[in-house]
Amino acid sequence: MAVFKVFFQETLDNRIIREDTLTRYYEAGSESEVRKMLDDDPYNIEFVQKLSPSHLEYEKANNEDFKVENT
């Protein structure tokens, strides 16, 4: 399993505005598993990034809202 950082907008209706981008973290076996899990949510997914071990540690240390969700 790996941790993926998902960059998204909360609605599908608006165009992507970088300042409105939100992030969530998911533990899954692949990017496609993460995207499949989010199919039912009305999110406009910008990007799904697999985190390296060092990037994951950085996120844990520097993001007080860090929380990993499971698929």
# chains A, B, ... in the order shown; residues from 1 in each chain; ligands from 1
call {"tool": "select_by_dssp", "arguments": {"residues": "chain A", "states": "strand (DSSP E)", "output": "list of chain:residue names"}}
result
A:Ala2, A:Val3, A:Phe4, A:Lys5, A:Val6, A:Phe7, A:Phe8, A:Gln9, A:Leu22, A:Thr23, A:Arg24, A:Tyr25, A:Tyr26, A:Glu27, A:Ala28, A:Asn44, A:Ile45, A:Glu46, A:Phe47, A:Val48, A:Gln49, A:Lys50, A:Val68, A:Glu69, A:Asn70
call {"tool": "residues_around", "arguments": {"residues": "segment 38-52 of chain A", "least_positions_apart": "3", "cutoff": "6 Å", "atoms": "only C-alpha atoms", "output": "count of residues only"}}
result
13
call {"tool": "atom_distance", "arguments": {"atom1": "atom CA of Glu69 of chain A", "atom2": "atom CA of Ala28 of chain A"}}
result
8.9 Å
call {"tool": "residues_around", "arguments": {"residues": "segment 58-68 of chain A", "least_positions_apart": "3", "cutoff": "8 Å", "atoms": "only C-alpha atoms", "output": "PyMOL selection string"}}
result
chain A and resi 3+24-27+54-55
call {"tool": "select_by_dssp", "arguments": {"residues": "chain A", "states": "helix (DSSP H, G or I)", "output": "ChimeraX atom specification"}}
result
/A:18-20,31-37,53-62
call {"tool": "decode", "arguments": {"residues": "segment 24-61 of chain A", "atoms": "N, CA and C atoms", "output": "short mmCIF file (atom, residue, chain, number, x, y, z; two decimals), in the first residue's frame"}}
result
data_model
loop_
_atom_site.label_atom_id
_atom_site.label_comp_id
_atom_site.auth_asym_id
_atom_site.auth_seq_id
_atom_site.Cartn_x
_atom_site.Cartn_y
_atom_site.Cartn_z
N ARG A 24 -6.43 15.92 -0.12
CA ARG A 24 -6.74 14.82 0.81
C ARG A 24 -5.72 13.72 0.55
N TYR A 25 -5.54 12.88 1.52
CA TYR A 25 -4.56 11.80 1.43
C TYR A 25 -5.28 10.46 1.57
N TYR A 26 -4.90 9.53 0.71
CA TYR A 26 -5.53 8.21 0.70
C TYR A 26 -4.47 7.12 0.66
N GLU A 27 -4.75 6.06 1.39
CA GLU A 27 -3.89 4.88 1.33
C GLU A 27 -4.57 3.89 0.39
N ALA A 28 -3.82 3.45 -0.61
CA ALA A 28 -4.38 2.54 -1.61
C ALA A 28 -3.25 1.80 -2.30
N GLY A 29 -3.62 0.81 -3.08
CA GLY A 29 -2.64 0.03 -3.82
C GLY A 29 -2.19 0.69 -5.11
N SER A 30 -3.05 1.58 -5.65
CA SER A 30 -2.70 2.23 -6.92
C SER A 30 -3.50 3.52 -7.08
N GLU A 31 -3.06 4.34 -8.03
CA GLU A 31 -3.78 5.57 -8.33
C GLU A 31 -5.20 5.26 -8.82
N SER A 32 -5.35 4.21 -9.60
CA SER A 32 -6.68 3.87 -10.11
C SER A 32 -7.63 3.49 -8.99
N GLU A 33 -7.14 2.87 -7.92
CA GLU A 33 -7.99 2.56 -6.76
C GLU A 33 -8.50 3.85 -6.12
N VAL A 34 -7.63 4.83 -5.99
CA VAL A 34 -8.02 6.11 -5.40
C VAL A 34 -9.08 6.78 -6.27
N ARG A 35 -8.85 6.83 -7.57
CA ARG A 35 -9.81 7.46 -8.48
C ARG A 35 -11.15 6.72 -8.47
N LYS A 36 -11.12 5.41 -8.39
CA LYS A 36 -12.35 4.62 -8.35
C LYS A 36 -13.14 4.93 -7.08
N MET A 37 -12.43 5.07 -5.96
CA MET A 37 -13.09 5.38 -4.70
C MET A 37 -13.76 6.75 -4.74
N LEU A 38 -13.19 7.68 -5.48
CA LEU A 38 -13.72 9.04 -5.54
C LEU A 38 -14.74 9.25 -6.65
N ASP A 39 -15.05 8.20 -7.41
CA ASP A 39 -16.01 8.31 -8.51
C ASP A 39 -17.37 8.85 -8.07
N ASP A 40 -17.82 8.48 -6.89
CA ASP A 40 -19.15 8.88 -6.43
C ASP A 40 -19.17 10.28 -5.82
N ASP A 41 -18.01 10.85 -5.55
CA ASP A 41 -17.93 12.19 -4.97
C ASP A 41 -17.94 13.24 -6.08
N PRO A 42 -18.54 14.39 -5.83
CA PRO A 42 -18.63 15.43 -6.87
C PRO A 42 -17.36 16.28 -6.98
N TYR A 43 -16.21 15.65 -6.89
CA TYR A 43 -14.94 16.38 -6.92
C TYR A 43 -14.41 16.48 -8.35
N ASN A 44 -13.78 17.60 -8.62
CA ASN A 44 -13.06 17.78 -9.87
C ASN A 44 -11.59 17.50 -9.54
N ILE A 45 -11.14 16.30 -9.82
CA ILE A 45 -9.79 15.89 -9.46
C ILE A 45 -8.80 16.50 -10.44
N GLU A 46 -7.84 17.23 -9.89
CA GLU A 46 -6.80 17.85 -10.71
C GLU A 46 -5.64 16.89 -10.93
N PHE A 47 -5.22 16.23 -9.84
CA PHE A 47 -3.98 15.45 -9.90
C PHE A 47 -3.95 14.47 -8.74
N VAL A 48 -3.44 13.28 -8.98
CA VAL A 48 -3.22 12.28 -7.93
C VAL A 48 -1.73 11.96 -7.93
N GLN A 49 -1.10 12.17 -6.78
CA GLN A 49 0.35 12.01 -6.67
C GLN A 49 0.70 10.94 -5.63
N LYS A 50 1.47 9.95 -6.04
CA LYS A 50 1.97 8.94 -5.11
C LYS A 50 3.13 9.57 -4.34
N LEU A 51 3.06 9.50 -3.01
CA LEU A 51 4.08 10.12 -2.18
C LEU A 51 5.23 9.17 -1.91
N SER A 52 6.43 9.67 -2.07
CA SER A 52 7.62 8.90 -1.69
C SER A 52 7.70 8.89 -0.17
N PRO A 53 8.48 7.99 0.43
CA PRO A 53 8.60 7.98 1.89
C PRO A 53 9.06 9.32 2.47
N SER A 54 10.00 9.99 1.82
CA SER A 54 10.47 11.28 2.34
C SER A 54 9.40 12.37 2.18
N HIS A 55 8.65 12.34 1.09
CA HIS A 55 7.58 13.32 0.90
C HIS A 55 6.47 13.09 1.92
N LEU A 56 6.17 11.83 2.21
CA LEU A 56 5.16 11.50 3.21
C LEU A 56 5.57 12.03 4.58
N GLU A 57 6.82 11.85 4.95
CA GLU A 57 7.31 12.37 6.23
C GLU A 57 7.22 13.89 6.27
N TYR A 58 7.52 14.55 5.16
CA TYR A 58 7.40 16.00 5.08
C TYR A 58 5.96 16.44 5.32
N GLU A 59 5.01 15.77 4.65
CA GLU A 59 3.59 16.11 4.82
C GLU A 59 3.15 15.92 6.27
N LYS A 60 3.57 14.84 6.89
CA LYS A 60 3.22 14.58 8.30
C LYS A 60 3.76 15.68 9.21
N ALA A 61 4.98 16.12 8.95
CA ALA A 61 5.64 17.10 9.81
C ALA A 61 5.15 18.52 9.58
#
